[in-house]
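Please read the structure below before turning to the comments.
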Protein chains: 2
Amino acid sequence: MTSITVHFKRVALIGIGLIGSSLARVMRRDNIADHIVINARTQKSLDTATDLGLADSTTLDPAEAVKGADLVVFCTPIGSYEALAKTIVPNLETGCIVSDVGSVKKMVIDILAPLMPDGVHLVPGHPIAGTEHSGPEAGFAELFQDRWCILTPAKDADQTAVDKVTALWTTANMKVEIMDAVHHDHVLAITSHLPHLIAYTIVGTATDLADDLEQEVVKYSASGFRDFTRIAASDPTMWRDIFLNNREAVLDILGRFSEDLTAMQRAIRHGEGDTLVDAFTRTREIRRKIIDAKQD
Amino acid sequence: MTSITVHFKRVALIGIGLIGSSLARVMRRDNIADHIVINARTQKSLDTATDLGLADSTTLDPAEAVKGADLVVFCTPIGSYEALAKTIVPNLETGCIVSDVGSVKKMVIDILAPLMPDGVHLVPGHPIAGTEHSGPEAGFAELFQDRWCILTPAKDADQTAVDKVTALWTTANMKVEIMDAVHHDHVLAITSHLPHLIAYTIVGTATDLADDLEQEVVKYSASGFRDFTRIAASDPTMWRDIFLNNREAVLDILGRFSEDLTAMQRAIRHGEGDTLVDAFTRTREIRRKIIDAKQD
């Protein structure tokens with residue numbers, strides 16, 4: 001399948017939602033780990049993971065999960081990282097790689113880096129892939145196919161560890177980029193976090209309408225609204241943590257958006273047609289670039 | 001194909017963009033008209049329509065186009081309706097049906113109804129279908145398949161005329177609803193007009209970013225942003241006219257949206273996680289309803 005080979009003795013997946021279970025499927029498919037141990041908050045999730053054939057062993061205790069692991073991957077909402085990290089740190093072995101799949105990187109590094117023992121290698125990652133569905137059953141190995149994965153290791157990070165995490169996601173058929181964490185958070189604030197916030201908001205606005213109007217919104221949703229509801233069905237806890245942990249970049253880009261929206265509002269109110277045509281014409285350019293970049 | 005039969009002697013299509021040319025294809029496919037005459041602003045559009053086999057005759061003169069027609073359909077941006085209507089009125093035959101495909105209905109009626117001669121039947125319509133592409137080449141007969149078409153005839157409208165327009169869109173495989181024009185404009189303001197305005201705005205906000213950041217927005221657009229760019233590639237003139245002609249409903253729903261977005265912004269700034277989770281959880285309900293209604 002792929003010319004890159006990467007192998008781990010024992011991989012501990014902390015969390016087994018959409019991303020964690022998709023990663024487990026990739027590791028199973030390509031024989032990447034001798035042993036996969038899965039940790040989750042509920043026995044139900046662990047049982048599901050076992051039923052799906054994703055785990056060699058399971059445990060409700062994250063500290064137990066990481067014993068003997070040469071790779072630990074946080075696949076939980078970012079808000080859980082600090083407590084989890086404090087719990088597992090005493091059991092991390094020298095040479096172990098700690099990675100994650102969170103959508104915010106600077107805050108994750110601020111939280112995790114100071115807790116890492118000497119000889120443990122932190123390689124934060126963000127596989128940019130997802131669906132509107134959550135939970136271990138929602139995962140599939142092809143989720144990552146041809147999508148980008150951004151890694152944000154520190155400048156002095158262990159190169160072998162970075163290479164191994166790169167190879168892991170390459171095996172999942174992702175295109176891997178190394179990026180500064182702060183820059184990552186700015187880029188994702190506009191490409192992902194603001195779109196999600198807006199989608200959640202507009203769907204909320206529609207939900208507040210009178211009942212009969214809401215029914216018709218559902219009925220005629222194909223005219224634009226529907227695309228927003230798909231985005232706004234994503235996991236609430238995950239997104240709470242993203243917004244709270246990328247607060248400054250999100251508020252910055254949200255401020256710019258609000259100014260621009262106010263300008264549109266003003267143009268509509270005052271009947272300034274030329275302003276609207278100008279605004280609606282320049283947006284076609286970026287669409288063309290996305291099509292040219294084969295990201296459409 | 002269909003059990004409803006509808007037939008016109010001579011159909012005049014005023015405008016031959018995405019919707020007009022798709023309708024022409026339906027009329028060709030199902031032999032709905034003995035003669036299709038196409039009017040457009042440019043000879044280039046008329047030549048394209050002829051090359052595509054959509055027209056029995058073409059003319060740059062709208063007044064000429066409607067002579068002898070028993071159906072006239074406005075398929076141009078709404079802003080052109082008034083001048084066009086004034087031009088064609090002297091040539092409209094008694095018994096002729098005048099319809100349109102515009103996304104706003106109250107203002108269209110306010111403009112067109114007073115101009116209609118006695119014995120000419122106005123049946124405004126809105127086939128809710130479209131793509132990001134424009135022009136006669138972009139059309140296809142299946143565009144309307146299983147989508148909704150809303151008609152907003154006056155209460156005292158000629159029932160035979162309403163039935164004929166209903167049958168026309170049913171032949172195009174649309175589900176037809178009769179609705180009050182003001183109500184239509186409110187429903188579409190939330191399901192279509194606000195989503196488009198927001199999409200245009202966020203893509204504009206991204207366009208204003210520094211060049212290097214814009215490149216990365218394109219590269220990582222699949223994480224949410226991309227869906228907005230598709231919507232924001234729609235025809236600028238058409239959308240200008242929609243916003244200017246549905247001003248009050250759009251400003252009303254935009255005001256609600258802005259309040260809700262400000263509340264989200266405040267929750268993020270103040271780290272109010274519970275507020276965010278509540279907001280992100282209730283939006284899942286409307287998504288479920290859309291899936292239940294098979295509109296996903």
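Chain lettering (A, B, ...) mirrors the order of the structure tokens, residue numbering begins at 1 for each chain separately, and ligand numbering begins at 1 in order of display.
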
Fill in: Shell around B:Asp241 at 8 Å using only C-alpha atoms, local window under 4 positions removed, as a PyMOL selection string
(chain A and resi 273) or (chain B and resi 77-79+237+245)

Those residues with N, CA and C atoms, as a PDB file, in the first residue's frame please?
ATOM      1  N   GLY A 273     -26.213  49.132  -4.265  1.00  0.00           N
ATOM      2  CA  GLY A 273     -26.052  47.945  -5.102  1.00  0.00           C
ATOM      3  C   GLY A 273     -24.631  47.710  -5.576  1.00  0.00           C
TER       4      GLY A 273
ATOM      5  N   PRO B  77     -32.254  38.701 -13.585  1.00  0.00           N
ATOM      6  CA  PRO B  77     -32.191  39.252 -12.225  1.00  0.00           C
ATOM      7  C   PRO B  77     -33.385  40.170 -11.961  1.00  0.00           C
ATOM      8  N   ILE B  78     -33.881  40.166 -10.731  1.00  0.00           N
ATOM      9  CA  ILE B  78     -35.110  40.868 -10.376  1.00  0.00           C
ATOM     10  C   ILE B  78     -35.062  42.364 -10.717  1.00  0.00           C
ATOM     11  N   GLY B  79     -33.875  42.934 -10.610  1.00  0.00           N
ATOM     12  CA  GLY B  79     -33.706  44.366 -10.866  1.00  0.00           C
ATOM     13  C   GLY B  79     -34.085  44.775 -12.281  1.00  0.00           C
ATOM     14  N   THR B 237     -24.910  39.768  -9.588  1.00  0.00           N
ATOM     15  CA  THR B 237     -26.034  40.660  -9.923  1.00  0.00           C
ATOM     16  C   THR B 237     -27.350  40.099  -9.397  1.00  0.00           C
ATOM     17  N   ASN B 245     -34.205  43.696  -2.919  1.00  0.00           N
ATOM     18  CA  ASN B 245     -35.657  43.534  -3.060  1.00  0.00           C
ATOM     19  C   ASN B 245     -36.306  42.734  -1.929  1.00  0.00           C
TER      20      ASN B 245
END

Discussion item. Env of A:Gly224: 12 Å cut, atoms = only C-alpha atoms, seq-sep filter 6 positions within chain, self excluded. Answer as a ChimeraX atom specification.
Written reply: /A:199,202-203,217-218,230 /B:128-132,187-199,227-232,234,295-296

Saved selection, atoms kept: N, CA and C atoms, as an mmCIF file, in the first residue's frame:
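File part_20.cif, as written:
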data_model
loop_
_atom_site.group_PDB
_atom_site.id
_atom_site.type_symbol
_atom_site.label_atom_id
_atom_site.label_comp_id
_atom_site.auth_asym_id
_atom_site.auth_seq_id
_atom_site.Cartn_x
_atom_site.Cartn_y
_atom_site.Cartn_z
ATOM 1 N N ALA A 199 -21.936 28.761 11.618
ATOM 2 C CA ALA A 199 -22.945 27.733 11.313
ATOM 3 C C ALA A 199 -23.775 27.428 12.563
ATOM 4 N N ILE A 202 -26.189 30.522 13.100
ATOM 5 C CA ILE A 202 -27.331 30.689 12.196
ATOM 6 C C ILE A 202 -28.356 29.575 12.412
ATOM 7 N N VAL A 203 -27.891 28.389 12.707
ATOM 8 C CA VAL A 203 -28.840 27.312 12.978
ATOM 9 C C VAL A 203 -29.572 27.601 14.295
ATOM 10 N N VAL A 217 -38.427 26.154 7.445
ATOM 11 C CA VAL A 217 -36.970 26.237 7.298
ATOM 12 C C VAL A 217 -36.418 24.846 7.009
ATOM 13 N N VAL A 218 -36.940 23.853 7.727
ATOM 14 C CA VAL A 218 -36.522 22.468 7.493
ATOM 15 C C VAL A 218 -36.889 22.046 6.070
ATOM 16 N N ARG A 230 -25.249 20.897 8.613
ATOM 17 C CA ARG A 230 -24.334 19.759 8.647
ATOM 18 C C ARG A 230 -23.129 20.107 9.533
ATOM 19 N N ILE B 128 -36.899 26.530 -6.387
ATOM 20 C CA ILE B 128 -35.744 26.593 -5.465
ATOM 21 C C ILE B 128 -34.726 25.561 -5.902
ATOM 22 N N ALA B 129 -33.886 26.002 -6.802
ATOM 23 C CA ALA B 129 -32.860 25.113 -7.355
ATOM 24 C C ALA B 129 -31.763 26.000 -7.909
ATOM 25 N N GLY B 130 -30.573 25.482 -7.955
ATOM 26 C CA GLY B 130 -29.474 26.271 -8.487
ATOM 27 C C GLY B 130 -28.156 25.572 -8.269
ATOM 28 N N THR B 131 -27.134 26.120 -8.881
ATOM 29 C CA THR B 131 -25.772 25.655 -8.646
ATOM 30 C C THR B 131 -24.928 26.912 -8.525
ATOM 31 N N GLU B 132 -23.623 26.739 -8.315
ATOM 32 C CA GLU B 132 -22.751 27.908 -8.248
ATOM 33 C C GLU B 132 -22.427 28.444 -9.633
ATOM 34 N N VAL B 187 -39.441 33.144 4.811
ATOM 35 C CA VAL B 187 -38.843 31.803 4.855
ATOM 36 C C VAL B 187 -37.517 31.788 4.097
ATOM 37 N N LEU B 188 -37.506 32.382 2.910
ATOM 38 C CA LEU B 188 -36.285 32.364 2.109
ATOM 39 C C LEU B 188 -35.194 33.255 2.691
ATOM 40 N N ALA B 189 -35.601 34.290 3.442
ATOM 41 C CA ALA B 189 -34.594 35.151 4.080
ATOM 42 C C ALA B 189 -33.715 34.327 5.003
ATOM 43 N N ILE B 190 -34.319 33.394 5.735
ATOM 44 C CA ILE B 190 -33.511 32.583 6.655
ATOM 45 C C ILE B 190 -32.897 31.373 5.960
ATOM 46 N N THR B 191 -33.634 30.695 5.076
ATOM 47 C CA THR B 191 -33.076 29.471 4.485
ATOM 48 C C THR B 191 -32.068 29.741 3.372
ATOM 49 N N SER B 192 -32.152 30.891 2.763
ATOM 50 C CA SER B 192 -31.313 31.115 1.584
ATOM 51 C C SER B 192 -30.567 32.455 1.595
ATOM 52 N N HIS B 193 -31.295 33.539 1.857
ATOM 53 C CA HIS B 193 -30.670 34.852 1.678
ATOM 54 C C HIS B 193 -29.615 35.128 2.752
ATOM 55 N N LEU B 194 -29.942 34.880 4.024
ATOM 56 C CA LEU B 194 -28.942 35.083 5.080
ATOM 57 C C LEU B 194 -27.743 34.143 4.905
ATOM 58 N N PRO B 195 -27.954 32.843 4.657
ATOM 59 C CA PRO B 195 -26.786 31.979 4.415
ATOM 60 C C PRO B 195 -25.887 32.498 3.290
ATOM 61 N N HIS B 196 -26.481 32.989 2.215
ATOM 62 C CA HIS B 196 -25.651 33.513 1.126
ATOM 63 C C HIS B 196 -24.903 34.771 1.562
ATOM 64 N N LEU B 197 -25.592 35.665 2.286
ATOM 65 C CA LEU B 197 -24.931 36.897 2.721
ATOM 66 C C LEU B 197 -23.750 36.578 3.636
ATOM 67 N N ILE B 198 -23.943 35.637 4.536
ATOM 68 C CA ILE B 198 -22.882 35.246 5.461
ATOM 69 C C ILE B 198 -21.726 34.596 4.714
ATOM 70 N N ALA B 199 -22.049 33.747 3.759
ATOM 71 C CA ALA B 199 -21.007 33.082 2.976
ATOM 72 C C ALA B 199 -20.193 34.112 2.192
ATOM 73 N N ASP B 227 -17.137 24.995 2.063
ATOM 74 C CA ASP B 227 -18.581 24.961 1.815
ATOM 75 C C ASP B 227 -19.139 26.370 1.620
ATOM 76 N N PHE B 228 -18.531 27.344 2.299
ATOM 77 C CA PHE B 228 -18.978 28.726 2.167
ATOM 78 C C PHE B 228 -18.573 29.298 0.806
ATOM 79 N N THR B 229 -17.393 28.913 0.320
ATOM 80 C CA THR B 229 -16.936 29.475 -0.955
ATOM 81 C C THR B 229 -17.821 29.019 -2.105
ATOM 82 N N ARG B 230 -18.372 27.818 -1.995
ATOM 83 C CA ARG B 230 -19.249 27.332 -3.066
ATOM 84 C C ARG B 230 -20.480 28.239 -3.161
ATOM 85 N N ILE B 231 -21.084 28.509 -2.002
ATOM 86 C CA ILE B 231 -22.254 29.385 -1.960
ATOM 87 C C ILE B 231 -21.891 30.792 -2.439
ATOM 88 N N ALA B 232 -20.698 31.238 -2.052
ATOM 89 C CA ALA B 232 -20.294 32.615 -2.355
ATOM 90 C C ALA B 232 -19.805 32.788 -3.787
ATOM 91 N N SER B 234 -21.949 32.273 -6.288
ATOM 92 C CA SER B 234 -23.180 32.493 -7.054
ATOM 93 C C SER B 234 -23.164 33.861 -7.746
ATOM 94 N N GLN B 295 -34.329 15.958 3.572
ATOM 95 C CA GLN B 295 -33.815 17.127 2.856
ATOM 96 C C GLN B 295 -32.294 17.220 2.997
ATOM 97 N N ASP B 296 -31.665 16.181 3.597
ATOM 98 C CA ASP B 296 -30.214 16.226 3.782
ATOM 99 C C ASP B 296 -29.471 15.767 2.532
#

Discussion item. Would you pick out the contacts of B:Lys175 at 10 Å or less, using only C-alpha atoms, so that residues sharing its chain but fewer than 2 positions from it are not included, and give the list as a PyMOL selection string?
Written reply: chain B and resi 127-128+144-150+166+169-173+177

Item to complete: Could you please write out, as an MDAnalysis selection string, every residue of stretch 101-209 of chain B that DSSP assigns to strand (DSSP E or B)?
Response: chainID B and resid 121:123 125:127 148:151 175:178

Restricted to N, CA and C atoms, what would the selected residues look like written as a PDB file, in the first residue's frame?
ATOM      1  N   HIS B 121     -52.523  36.981 -17.052  1.00  0.00           N
ATOM      2  CA  HIS B 121     -52.513  36.334 -15.733  1.00  0.00           C
ATOM      3  C   HIS B 121     -51.108  36.260 -15.141  1.00  0.00           C
ATOM      4  N   LEU B 122     -50.909  36.951 -14.017  1.00  0.00           N
ATOM      5  CA  LEU B 122     -49.606  36.935 -13.348  1.00  0.00           C
ATOM      6  C   LEU B 122     -49.561  35.781 -12.343  1.00  0.00           C
ATOM      7  N   VAL B 123     -48.613  34.876 -12.514  1.00  0.00           N
ATOM      8  CA  VAL B 123     -48.413  33.753 -11.586  1.00  0.00           C
ATOM      9  C   VAL B 123     -46.931  33.713 -11.215  1.00  0.00           C
ATOM     10  N   GLY B 125     -43.441  32.774  -9.585  1.00  0.00           N
ATOM     11  CA  GLY B 125     -42.934  31.480  -9.133  1.00  0.00           C
ATOM     12  C   GLY B 125     -41.483  31.544  -8.694  1.00  0.00           C
ATOM     13  N   HIS B 126     -41.093  30.566  -7.892  1.00  0.00           N
ATOM     14  CA  HIS B 126     -39.705  30.479  -7.453  1.00  0.00           C
ATOM     15  C   HIS B 126     -39.284  29.014  -7.372  1.00  0.00           C
ATOM     16  N   PRO B 127     -38.699  28.510  -8.455  1.00  0.00           N
ATOM     17  CA  PRO B 127     -38.136  27.158  -8.386  1.00  0.00           C
ATOM     18  C   PRO B 127     -36.867  27.201  -7.536  1.00  0.00           C
ATOM     19  N   TRP B 148     -38.236  21.892  -4.461  1.00  0.00           N
ATOM     20  CA  TRP B 148     -39.488  22.617  -4.271  1.00  0.00           C
ATOM     21  C   TRP B 148     -39.598  23.787  -5.227  1.00  0.00           C
ATOM     22  N   CYS B 149     -40.830  24.038  -5.682  1.00  0.00           N
ATOM     23  CA  CYS B 149     -41.127  25.265  -6.418  1.00  0.00           C
ATOM     24  C   CYS B 149     -42.284  25.950  -5.705  1.00  0.00           C
ATOM     25  N   ILE B 150     -42.086  27.200  -5.326  1.00  0.00           N
ATOM     26  CA  ILE B 150     -43.129  27.942  -4.629  1.00  0.00           C
ATOM     27  C   ILE B 150     -43.779  28.932  -5.593  1.00  0.00           C
ATOM     28  N   LEU B 151     -45.096  28.868  -5.682  1.00  0.00           N
ATOM     29  CA  LEU B 151     -45.844  29.845  -6.478  1.00  0.00           C
ATOM     30  C   LEU B 151     -46.569  30.783  -5.524  1.00  0.00           C
ATOM     31  N   LYS B 175     -41.681  19.649  -6.683  1.00  0.00           N
ATOM     32  CA  LYS B 175     -42.827  19.608  -5.784  1.00  0.00           C
ATOM     33  C   LYS B 175     -43.315  21.047  -5.643  1.00  0.00           C
ATOM     34  N   VAL B 176     -44.559  21.304  -6.008  1.00  0.00           N
ATOM     35  CA  VAL B 176     -45.048  22.683  -6.076  1.00  0.00           C
ATOM     36  C   VAL B 176     -45.902  23.037  -4.855  1.00  0.00           C
ATOM     37  N   GLU B 177     -45.629  24.197  -4.273  1.00  0.00           N
ATOM     38  CA  GLU B 177     -46.402  24.717  -3.135  1.00  0.00           C
ATOM     39  C   GLU B 177     -46.937  26.103  -3.486  1.00  0.00           C
ATOM     40  N   ILE B 178     -48.154  26.379  -3.048  1.00  0.00           N
ATOM     41  CA  ILE B 178     -48.699  27.732  -3.177  1.00  0.00           C
ATOM     42  C   ILE B 178     -48.498  28.432  -1.836  1.00  0.00           C
TER      43      ILE B 178
END

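Summary of the local environment: counting only C-alpha atoms, residues at most 10 Å from B:Val73, other than itself and those fewer than 4 positions away along its chain, are B:Val11, B:Ala12, B:Leu13, B:Ile14, B:Gly15, B:Gly20, B:Leu23, B:Val66, B:Ile97, B:Val98, B:Ser99, B:Asp100, B:Val101, B:Val123, B:Pro124, B:Gly125.
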
Writer output for current selection, C-alpha atoms, as a JSON list (two decimals), in the first residue's frame:
[["chain", "number", "residue", "atom", "x", "y", "z"],
["B", 11, "VAL", "CA", -43.25, 30.36, -24.77],
["B", 12, "ALA", "CA", -41.11, 33.47, -24.42],
["B", 13, "LEU", "CA", -38.14, 33.08, -22.10],
["B", 14, "ILE", "CA", -36.81, 36.47, -21.04],
["B", 15, "GLY", "CA", -33.25, 35.66, -20.02],
["B", 20, "GLY", "CA", -33.91, 29.80, -18.00],
["B", 23, "LEU", "CA", -36.33, 25.27, -18.08],
["B", 66, "VAL", "CA", -43.65, 38.16, -26.26],
["B", 97, "ILE", "CA", -49.61, 33.89, -18.48],
["B", 98, "VAL", "CA", -46.69, 35.92, -17.09],
["B", 99, "SER", "CA", -44.49, 34.10, -14.61],
["B", 100, "ASP", "CA", -40.95, 34.38, -13.25],
["B", 101, "VAL", "CA", -38.31, 32.44, -11.37],
["B", 123, "VAL", "CA", -48.41, 33.75, -11.59],
["B", 124, "PRO", "CA", -45.10, 34.52, -9.82],
["B", 125, "GLY", "CA", -42.93, 31.48, -9.13]]

Discussion item. As number ranges by chain, please: every residue in stretch 14-260 of chain B that DSSP puts in helix (DSSP H, G or I).
Written reply: B: 18-29, 43-51, 62-65, 78-91, 106-115, 136-138, 141-144, 159-171, 181-207, 211-219, 221-223, 225-231, 236-245, 247-260

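Checking A:Asp274, A:Asp292, A:Leu251, A:Leu54 one by one against A:Phe140, counting only C-alpha atoms, you find the shortest gap at A:Leu54.
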
Worksheet item: Skipping near chain neighbours, those fewer than 3 positions away, what residues fall within 12 Å of B:Ala279 using only C-alpha atoms, listed as number ranges by chain?
Response: A: 197-205, 207-208, 232-237, 239-240; B: 260-261, 263-264, 267-268, 272-276, 282-285

Same residues, N, CA and C atoms, saved as an mmCIF file, in the first residue's frame:
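And here is the file that came out, part-v2.cif:
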data_model
loop_
_atom_site.group_PDB
_atom_site.id
_atom_site.type_symbol
_atom_site.label_atom_id
_atom_site.label_comp_id
_atom_site.auth_asym_id
_atom_site.auth_seq_id
_atom_site.Cartn_x
_atom_site.Cartn_y
_atom_site.Cartn_z
ATOM 1 N N LEU A 197 -18.457 28.374 14.055
ATOM 2 C CA LEU A 197 -19.166 29.267 14.967
ATOM 3 C C LEU A 197 -20.358 29.913 14.270
ATOM 4 N N ILE A 198 -20.151 30.340 13.035
ATOM 5 C CA ILE A 198 -21.214 30.970 12.263
ATOM 6 C C ILE A 198 -22.332 29.966 11.959
ATOM 7 N N ALA A 199 -21.936 28.761 11.618
ATOM 8 C CA ALA A 199 -22.945 27.733 11.313
ATOM 9 C C ALA A 199 -23.775 27.428 12.563
ATOM 10 N N TYR A 200 -23.112 27.251 13.696
ATOM 11 C CA TYR A 200 -23.837 27.015 14.945
ATOM 12 C C TYR A 200 -24.797 28.176 15.231
ATOM 13 N N THR A 201 -24.322 29.398 14.976
ATOM 14 C CA THR A 201 -25.137 30.578 15.292
ATOM 15 C C THR A 201 -26.359 30.678 14.396
ATOM 16 N N ILE A 202 -26.189 30.522 13.100
ATOM 17 C CA ILE A 202 -27.331 30.689 12.196
ATOM 18 C C ILE A 202 -28.356 29.575 12.412
ATOM 19 N N VAL A 203 -27.891 28.389 12.707
ATOM 20 C CA VAL A 203 -28.840 27.312 12.978
ATOM 21 C C VAL A 203 -29.572 27.601 14.295
ATOM 22 N N GLY A 204 -28.868 28.177 15.247
ATOM 23 C CA GLY A 204 -29.519 28.598 16.492
ATOM 24 C C GLY A 204 -30.556 29.686 16.245
ATOM 25 N N THR A 205 -30.214 30.645 15.405
ATOM 26 C CA THR A 205 -31.150 31.726 15.069
ATOM 27 C C THR A 205 -32.434 31.134 14.473
ATOM 28 N N THR A 207 -33.568 28.136 14.963
ATOM 29 C CA THR A 207 -34.240 27.351 16.000
ATOM 30 C C THR A 207 -35.125 28.236 16.879
ATOM 31 N N ASP A 208 -34.760 29.497 16.994
ATOM 32 C CA ASP A 208 -35.532 30.426 17.812
ATOM 33 C C ASP A 208 -36.773 30.969 17.110
ATOM 34 N N ALA A 232 -23.056 22.386 11.788
ATOM 35 C CA ALA A 232 -23.510 22.675 13.143
ATOM 36 C C ALA A 232 -23.979 21.429 13.887
ATOM 37 N N ALA A 233 -23.780 20.256 13.319
ATOM 38 C CA ALA A 233 -24.138 19.021 14.015
ATOM 39 C C ALA A 233 -22.907 18.374 14.644
ATOM 40 N N SER A 234 -21.761 19.032 14.545
ATOM 41 C CA SER A 234 -20.522 18.484 15.102
ATOM 42 C C SER A 234 -20.577 18.434 16.629
ATOM 43 N N ASP A 235 -19.653 17.693 17.211
ATOM 44 C CA ASP A 235 -19.662 17.434 18.653
ATOM 45 C C ASP A 235 -19.543 18.715 19.511
ATOM 46 N N PRO A 236 -20.542 18.994 20.365
ATOM 47 C CA PRO A 236 -20.568 20.235 21.153
ATOM 48 C C PRO A 236 -19.390 20.408 22.126
ATOM 49 N N THR A 237 -19.016 19.344 22.825
ATOM 50 C CA THR A 237 -17.926 19.469 23.802
ATOM 51 C C THR A 237 -16.598 19.755 23.105
ATOM 52 N N TRP A 239 -16.171 21.235 20.313
ATOM 53 C CA TRP A 239 -16.138 22.600 19.790
ATOM 54 C C TRP A 239 -16.071 23.644 20.896
ATOM 55 N N ARG A 240 -16.724 23.393 22.044
ATOM 56 C CA ARG A 240 -16.542 24.298 23.187
ATOM 57 C C ARG A 240 -15.056 24.450 23.477
ATOM 58 N N ASP B 260 -27.297 37.041 18.090
ATOM 59 C CA ASP B 260 -26.900 35.702 18.530
ATOM 60 C C ASP B 260 -25.386 35.519 18.423
ATOM 61 N N LEU B 261 -24.806 36.101 17.368
ATOM 62 C CA LEU B 261 -23.362 35.967 17.188
ATOM 63 C C LEU B 261 -22.611 36.752 18.269
ATOM 64 N N ALA B 263 -23.691 37.226 21.258
ATOM 65 C CA ALA B 263 -23.798 36.414 22.481
ATOM 66 C C ALA B 263 -22.749 35.298 22.485
ATOM 67 N N MET B 264 -22.512 34.693 21.323
ATOM 68 C CA MET B 264 -21.479 33.656 21.200
ATOM 69 C C MET B 264 -20.097 34.263 21.485
ATOM 70 N N ALA B 267 -19.630 34.814 25.089
ATOM 71 C CA ALA B 267 -19.410 33.548 25.805
ATOM 72 C C ALA B 267 -17.979 33.060 25.612
ATOM 73 N N ILE B 268 -17.453 33.232 24.402
ATOM 74 C CA ILE B 268 -16.061 32.816 24.161
ATOM 75 C C ILE B 268 -15.109 33.711 24.958
ATOM 76 N N GLU B 272 -17.344 31.181 28.938
ATOM 77 C CA GLU B 272 -18.581 30.546 29.417
ATOM 78 C C GLU B 272 -18.869 29.259 28.635
ATOM 79 N N GLY B 273 -18.197 28.198 29.037
ATOM 80 C CA GLY B 273 -18.282 26.918 28.335
ATOM 81 C C GLY B 273 -19.687 26.339 28.287
ATOM 82 N N ASP B 274 -20.428 26.465 29.392
ATOM 83 C CA ASP B 274 -21.777 25.876 29.428
ATOM 84 C C ASP B 274 -22.704 26.533 28.407
ATOM 85 N N THR B 275 -22.575 27.849 28.267
ATOM 86 C CA THR B 275 -23.380 28.569 27.273
ATOM 87 C C THR B 275 -23.095 28.016 25.876
ATOM 88 N N LEU B 276 -21.822 27.784 25.593
ATOM 89 C CA LEU B 276 -21.445 27.276 24.268
ATOM 90 C C LEU B 276 -21.994 25.865 24.050
ATOM 91 N N ARG B 282 -28.351 22.365 21.008
ATOM 92 C CA ARG B 282 -29.706 22.545 20.487
ATOM 93 C C ARG B 282 -29.741 22.611 18.965
ATOM 94 N N THR B 283 -28.622 22.961 18.346
ATOM 95 C CA THR B 283 -28.594 23.018 16.885
ATOM 96 C C THR B 283 -28.665 21.619 16.263
ATOM 97 N N ARG B 284 -28.369 20.592 17.061
ATOM 98 C CA ARG B 284 -28.399 19.228 16.506
ATOM 99 C C ARG B 284 -29.822 18.795 16.176
ATOM 100 N N GLU B 285 -30.785 19.348 16.908
ATOM 101 C CA GLU B 285 -32.196 18.985 16.748
ATOM 102 C C GLU B 285 -32.696 19.311 15.336
#
